[in-house]
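K.L.:
Quick one: the structure is below, questions incoming.
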Amino acid sequence: MGALDQYIDLWQEHSDLIVSNSPDALNRLRPAAASSLIEQGLPSQKDEDYKHTNLEKILSPDYGINIGRVKMRVNPAETFRCDVPRLSTALFLVVNDSFAATVGCREVLPEGVEVMSLASFARNNPEFIEKYYGKLADINNPIVALNTLFCQDGVVIRVRKGVKVEPAVQIVNIFNNSAPLLAARRMLIVMEEDSEAKVLVCDHTQNSDVDFCSLQVIEVFADKGSKLDFYDLEESTQQTSRLSSLWMKQEEGSEVLLDSMTLYNGQTRNEFFSRFAGSHARLKMLGMCIEDETRRLDTVSRISHDVPECTTDELFKYVVDGDAMGAFAGLIYVAEGASKTEAYQSNRNLVGSDTAVMHSKPQLEIYNDDVKCSHGTAIGQLDEKQLFYMMTRGISEDQARLMLKQAFMSDVIDGISLPPLRDRLKLMVERRFAGEKSACSGCQVGCK
Amino acid sequence: MLSVKDLHAEIDGKEILRGVNLEVKPGEVHAVMGPNGSGKSTLSMVLAGNPAYTVTSGEVIFRGKDLLEMSPDVRSHEGIFLGFQYPVEIPGVSMVNFMRAAVNAKRKYFGEPPMGATDFLKLMREKRAIVQLDNKLASRSVNEGFSGGEKKRNEIFQMAVLEPKLSILDETDSGLDVDALRIVAEGVNKLRTPENSAIVITHYQRLLDYIKPDVIHVLYKGRIVYTGGPELALEIENKGYDWIKAEVDAQDAIKGEA
């Protein structure tokens, strides 16, 4: 029996329970998701797009799914404190797959921004969900199909026309359970015309010896002239698998920063699918991936320039050590009519051991002559000359290596537009390279 | 201070140093001159501990300790400083962090606590003045975007901060205009004490007008083939190396026949 069968069986046996515990707006797409999975099955590693992610293996453990919407005992709101000093955010939690607001989080936000539970928002505003839910994410993508089949809650962020959101909205995804658990998390971000927001999503796992699987779909609508900075920071455990699929559409003049950071993880696949639907829009993508021990990270990005005069600037950096594996596959597609496209893609990687592996595939597909595009990749080791120079000044080899790895990530960290987060990340990355396990010292739970 | 005996070293299987002997006493400044490819830079790299070079035989005793046993950072703590011919650029590491790491590593080695922020900034200010190094460079990445002259002044600045017992300056004069040369040389002179020594590697007499050496050595074919007083530099400036080369080659030929 393949890994997928247990999910199909679960759906077929308990679809009534799932449907009765969910708003109609979320139920509407489930049959299509089920038939997509039944028809196509899971892609194997022979499929080029899944060469570095073994979906079969990731999905094979006997994870529980909270389809009955049982209330969890834990209240991490009381114990969790993300340790980013001076970063006063409006903090919301997603515990396993259930949304939870924290005390006072809404009061600090201005009028015209809603940060809500997807389930309750779908009940109160079915027409809104109808308009956006599942409209970008392709139901034939296996992560999207599985998520759509089981998704019962998540986060909606809606920023109304012209509203500029201060402070940043922080969503903390927490795994906390004594038995293996799969959470089908969903996020829907709608930036209406000329709105502005910064969103920081942090993934944490609180039980380091339990298997978890985060099955996540994010849909982002960036309407005309809107500005969104989206940070996604994973700090989970070796036993956490994460399958994340982000789908975005950018309208005219919108500006988006997508920053994907992986400090600690188990096995992760991060997908980014973005499309320009209006001209003069800009996308900046940054990736910082630190992998060691037996961790694995597979990043796939597809940026589609369908209209003229849009800009993509993509930089992903990996430091791969130990027995870890990193993979980057980035495609920028420029359609025939997309004149004056500017698209730059760069993937640079440091490989620190003989057993660490990095795969890189930077791709451009261009059907227009009037464009400025570049792509490139580099895989290498720390510079021996730099190491020696530092050591002649008395800096120990370990310290020099640490400083050079930190320096390697500096341009990605400098791209962060929230100064307290930038400062904090510098410290977190430094500690990460120094081998210190605890990333959030203020948190009493002490998850990684 | 430093005693080098019959030092042989190679890189990528190619022998570069073939029996170097050198004695440096406290307070002395030695100049090492020689034609291109004679092994001058290799000597400096081997003394600083560059792992790319392999010492095949010989010994180096520095202030009573076996220098060759030490890693480059320990050599630095013990008092060796190498001023690079080509200072290395380190993008992403600011000068301030670099120097703080260096200063505190040395303090740690001697069992002292890290230096406080105020003292550290004062130290930086004080030492920068010696080579007239712009304050703006402090916030930049190490050597990145520095002009040739700034890079060399930065080397002397680091030397001033680390207060070495033995400074090895590898072609510190190369790529410098007259003004920059004067600033660098004056910096070196300000740091001279009766206890500290220096080995100055250079091609030209020019630098030695500013930094007066006590002894001059000529390195050729991986050995010190000629040692003399300060007047030797002038002789080389006037006559070149050919007369020394001819003498050594003739001797080698005789040895070969025997």
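In the structure tokens, the first chain shown is A, the next is B, and so on; residue numbers restart at 1 for each chain, and ligands run from 1 in the order shown.
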Could you please select, counting only C-alpha atoms, the residues of chain A within 12 Å of chain B and state them as an NGL selection string?

P.N.:
:A and (382-414 or 426)

K.L.:
Generate the output file for the selected residues, C-alpha atoms, as an mmCIF file, in the first residue's frame.

P.N.:
```cif
data_model
loop_
_atom_site.group_PDB
_atom_site.id
_atom_site.type_symbol
_atom_site.label_atom_id
_atom_site.label_comp_id
_atom_site.auth_asym_id
_atom_site.auth_seq_id
_atom_site.Cartn_x
_atom_site.Cartn_y
_atom_site.Cartn_z
ATOM 1 C CA LEU A 382 35.146 28.656 2.259
ATOM 2 C CA ASP A 383 38.068 30.618 0.840
ATOM 3 C CA GLU A 384 41.351 29.257 2.247
ATOM 4 C CA LYS A 385 43.050 32.613 1.704
ATOM 5 C CA GLN A 386 40.447 34.395 3.793
ATOM 6 C CA LEU A 387 40.727 31.751 6.517
ATOM 7 C CA PHE A 388 44.510 32.072 6.643
ATOM 8 C CA TYR A 389 44.390 35.862 6.662
ATOM 9 C CA MET A 390 42.020 35.835 9.636
ATOM 10 C CA MET A 391 44.125 33.269 11.485
ATOM 11 C CA THR A 392 47.287 35.351 11.089
ATOM 12 C CA ARG A 393 45.404 38.014 13.062
ATOM 13 C CA GLY A 394 44.901 35.566 15.906
ATOM 14 C CA ILE A 395 41.344 34.503 15.093
ATOM 15 C CA SER A 396 40.951 30.760 15.656
ATOM 16 C CA GLU A 397 40.013 28.549 12.728
ATOM 17 C CA ASP A 398 36.591 27.738 14.181
ATOM 18 C CA GLN A 399 35.832 31.384 14.826
ATOM 19 C CA ALA A 400 37.073 32.366 11.359
ATOM 20 C CA ARG A 401 34.869 29.730 9.715
ATOM 21 C CA LEU A 402 31.914 30.969 11.714
ATOM 22 C CA MET A 403 32.543 34.588 10.759
ATOM 23 C CA LEU A 404 32.917 33.695 7.079
ATOM 24 C CA LYS A 405 29.689 31.682 7.016
ATOM 25 C CA GLN A 406 27.925 34.547 8.752
ATOM 26 C CA ALA A 407 29.433 36.957 6.215
ATOM 27 C CA PHE A 408 28.238 34.728 3.387
ATOM 28 C CA MET A 409 24.654 35.227 4.567
ATOM 29 C CA SER A 410 25.030 38.954 5.205
ATOM 30 C CA ASP A 411 23.498 40.192 1.946
ATOM 31 C CA VAL A 412 20.415 38.049 2.509
ATOM 32 C CA ILE A 413 20.060 39.254 6.096
ATOM 33 C CA ASP A 414 20.618 42.866 5.039
ATOM 34 C CA LYS A 426 22.108 38.170 12.684
#
```

K.L.:
Enumerate the residues of stretch 230-427 of chain A with a DSSP assignment of helix (DSSP H, G or I), computed from the backbone, and present them as an NGL selection string.

P.N.:
:A and (384-392 or 397-408 or 410-414 or 419-427)

K.L.:
If you run DSSP on the backbone, which residues of stretch 1-83 of chain B are strand (DSSP E), as a PyMOL selection string?

P.N.:
chain B and resi 2-11+14-24+29-33+54-62+65-66+80-83

K.L.:
Might you pull out every residue within 7 Å of B:Gly34, with only C-alpha atoms counted and same-chain residues fewer than 2 positions away left off, and present them as a list of chain:residue names?

P.N.:
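The neighbour list is B:Val32, B:Asn36, B:Ser38, B:His203, B:Val218, B:Leu219, B:Tyr220.
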
K.L.:
Generate a file of the selected residues that holds C-alpha atoms, formatted as an mmCIF file, in the first residue's frame.

P.N.:
```cif
data_model
loop_
_atom_site.group_PDB
_atom_site.id
_atom_site.type_symbol
_atom_site.label_atom_id
_atom_site.label_comp_id
_atom_site.auth_asym_id
_atom_site.auth_seq_id
_atom_site.Cartn_x
_atom_site.Cartn_y
_atom_site.Cartn_z
ATOM 1 C CA VAL B 32 65.272 40.361 2.779
ATOM 2 C CA ASN B 36 61.626 37.407 -8.434
ATOM 3 C CA SER B 38 63.715 33.449 -5.130
ATOM 4 C CA HIS B 203 62.482 44.514 -4.084
ATOM 5 C CA VAL B 218 69.786 38.365 -0.397
ATOM 6 C CA LEU B 219 67.597 35.326 -1.014
ATOM 7 C CA TYR B 220 68.251 33.410 -4.215
#
```

K.L.:
Could you list, as a PDB file with all heavy atoms, in the first residue's frame, every residue within 6 Å of A:Phe230, counting only C-alpha atoms and ignoring same-chain residues fewer than 5 positions away?

P.N.:
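result-v8.pdb was written with the following content:
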```pdb
ATOM      1  N   VAL A 199       4.424  40.818   6.939  1.00  0.00           N
ATOM      2  CA  VAL A 199       3.945  39.597   7.595  1.00  0.00           C
ATOM      3  C   VAL A 199       5.139  38.682   7.866  1.00  0.00           C
ATOM      4  O   VAL A 199       5.958  38.434   6.987  1.00  0.00           O
ATOM      5  CB  VAL A 199       2.909  38.859   6.710  1.00  0.00           C
ATOM      6  CG1 VAL A 199       2.491  37.549   7.360  1.00  0.00           C
ATOM      7  CG2 VAL A 199       1.701  39.744   6.441  1.00  0.00           C
ATOM      8  N   LEU A 200       5.225  38.243   9.113  1.00  0.00           N
ATOM      9  CA  LEU A 200       6.305  37.339   9.502  1.00  0.00           C
ATOM     10  C   LEU A 200       5.688  36.032   9.982  1.00  0.00           C
ATOM     11  O   LEU A 200       4.860  36.032  10.893  1.00  0.00           O
ATOM     12  CB  LEU A 200       7.129  37.996  10.623  1.00  0.00           C
ATOM     13  CG  LEU A 200       8.099  37.126  11.424  1.00  0.00           C
ATOM     14  CD1 LEU A 200       9.199  36.568  10.543  1.00  0.00           C
ATOM     15  CD2 LEU A 200       8.710  37.940  12.574  1.00  0.00           C
ATOM     16  N   LEU A 257       8.156  41.443  -1.310  1.00  0.00           N
ATOM     17  CA  LEU A 257       9.394  40.798  -0.873  1.00  0.00           C
ATOM     18  C   LEU A 257       9.029  39.446  -0.284  1.00  0.00           C
ATOM     19  O   LEU A 257       8.221  39.364   0.643  1.00  0.00           O
ATOM     20  CB  LEU A 257      10.099  41.654   0.196  1.00  0.00           C
ATOM     21  CG  LEU A 257      11.231  40.969   0.987  1.00  0.00           C
ATOM     22  CD1 LEU A 257      12.443  40.710   0.100  1.00  0.00           C
ATOM     23  CD2 LEU A 257      11.639  41.812   2.191  1.00  0.00           C
ATOM     24  N   LEU A 258       9.568  38.385  -0.846  1.00  0.00           N
ATOM     25  CA  LEU A 258       9.372  37.042  -0.276  1.00  0.00           C
ATOM     26  C   LEU A 258      10.710  36.602   0.298  1.00  0.00           C
ATOM     27  O   LEU A 258      11.689  36.494  -0.420  1.00  0.00           O
ATOM     28  CB  LEU A 258       8.970  36.038  -1.354  1.00  0.00           C
ATOM     29  CG  LEU A 258       7.557  36.051  -1.910  1.00  0.00           C
ATOM     30  CD1 LEU A 258       7.399  34.897  -2.901  1.00  0.00           C
ATOM     31  CD2 LEU A 258       6.525  35.927  -0.803  1.00  0.00           C
TER      32      LEU A 258
END
```

K.L.:
Excluding A:Arg348 and any residue of its chain fewer than 4 positions from it, enumerate the residues within 8 Å of it, using only C-alpha atoms, and give them as an NGL selection string.

P.N.:
:A and (315-318 or 377-379)

K.L.:
Which neighbours of B:Glu237 fall inside 10 Å, counting only C-alpha atoms, when residues of the same chain fewer than 3 positions from it are skipped, and could you give them as a JSON list (two decimals) with C-alpha atoms, in the first residue's frame?

P.N.:
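Result written to out01.json:
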```
[["chain", "number", "residue", "atom", "x", "y", "z"],
["B", 203, "HIS", "CA", 62.48, 44.51, -4.08],
["B", 204, "TYR", "CA", 63.71, 48.04, -3.84],
["B", 205, "GLN", "CA", 66.11, 50.25, -1.99],
["B", 206, "ARG", "CA", 63.32, 52.88, -1.85],
["B", 232, "LEU", "CA", 74.33, 46.26, 0.38],
["B", 233, "ALA", "CA", 70.96, 47.71, -0.61],
["B", 234, "LEU", "CA", 72.61, 50.56, -2.48],
["B", 240, "GLY", "CA", 71.21, 44.63, -9.79],
["B", 241, "TYR", "CA", 71.32, 40.98, -8.72]]
```

K.L.:
Excluding A:Gln170 and residues on its chain fewer than 3 positions from it, collect all residues at most 7 Å away from it, counting only C-alpha atoms, and give them as an mmCIF file with N, CA, C and O atoms, in the first residue's frame.

P.N.:
```cif
data_model
loop_
_atom_site.group_PDB
_atom_site.id
_atom_site.type_symbol
_atom_site.label_atom_id
_atom_site.label_comp_id
_atom_site.auth_asym_id
_atom_site.auth_seq_id
_atom_site.Cartn_x
_atom_site.Cartn_y
_atom_site.Cartn_z
ATOM 1 N N THR A 89 5.086 43.102 17.351
ATOM 2 C CA THR A 89 4.218 42.650 16.278
ATOM 3 C C THR A 89 2.833 42.380 16.836
ATOM 4 O O THR A 89 2.653 42.287 18.047
ATOM 5 N N ALA A 90 1.884 42.271 15.937
ATOM 6 C CA ALA A 90 0.581 41.744 16.318
ATOM 7 C C ALA A 90 0.698 40.237 16.168
ATOM 8 O O ALA A 90 0.834 39.733 15.061
ATOM 9 N N LEU A 91 0.705 39.540 17.301
ATOM 10 C CA LEU A 91 1.048 38.119 17.294
ATOM 11 C C LEU A 91 -0.179 37.213 17.280
ATOM 12 O O LEU A 91 -1.073 37.347 18.105
ATOM 13 N N PHE A 92 -0.216 36.320 16.316
ATOM 14 C CA PHE A 92 -1.280 35.322 16.225
ATOM 15 C C PHE A 92 -0.637 33.943 16.167
ATOM 16 O O PHE A 92 0.480 33.806 15.674
ATOM 17 N N VAL A 199 4.424 40.818 6.939
ATOM 18 C CA VAL A 199 3.945 39.597 7.595
ATOM 19 C C VAL A 199 5.139 38.682 7.866
ATOM 20 O O VAL A 199 5.958 38.434 6.987
ATOM 21 N N LEU A 200 5.225 38.243 9.113
ATOM 22 C CA LEU A 200 6.305 37.339 9.502
ATOM 23 C C LEU A 200 5.688 36.032 9.982
ATOM 24 O O LEU A 200 4.860 36.032 10.893
ATOM 25 N N VAL A 201 6.041 34.938 9.343
ATOM 26 C CA VAL A 201 5.527 33.624 9.736
ATOM 27 C C VAL A 201 6.682 32.805 10.299
ATOM 28 O O VAL A 201 7.723 32.674 9.660
#
```

K.L.:
Just checking: using only C-alpha atoms, which residue out of A:Asp9, A:Asp97, A:Glu130, A:Asp223 ends up closest to A:Asp153?

P.N.:
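Among the listed residues, the smallest separation from A:Asp153 belongs to A:Asp97.
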
K.L.:
Grab the atom CA of A:Thr311 to atom CA of A:Glu342 distance for me, in Å with one decimal place.

P.N.:
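Straight-line distance from atom CA of A:Thr311 to atom CA of A:Glu342 works out to 4.7 Å.
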
K.L.:
Expressed in Å to a single decimal, how great is the separation between atom CA of A:Asp194 and atom CA of A:Phe99?

P.N.:
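So the two atoms, atom CA of A:Asp194 and atom CA of A:Phe99, lie 27.2 Å apart.
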
K.L.:
How far is it from atom CA of B:Leu68 to atom CA of B:Thr54, in Å with one decimal?

P.N.:
10.2 Å
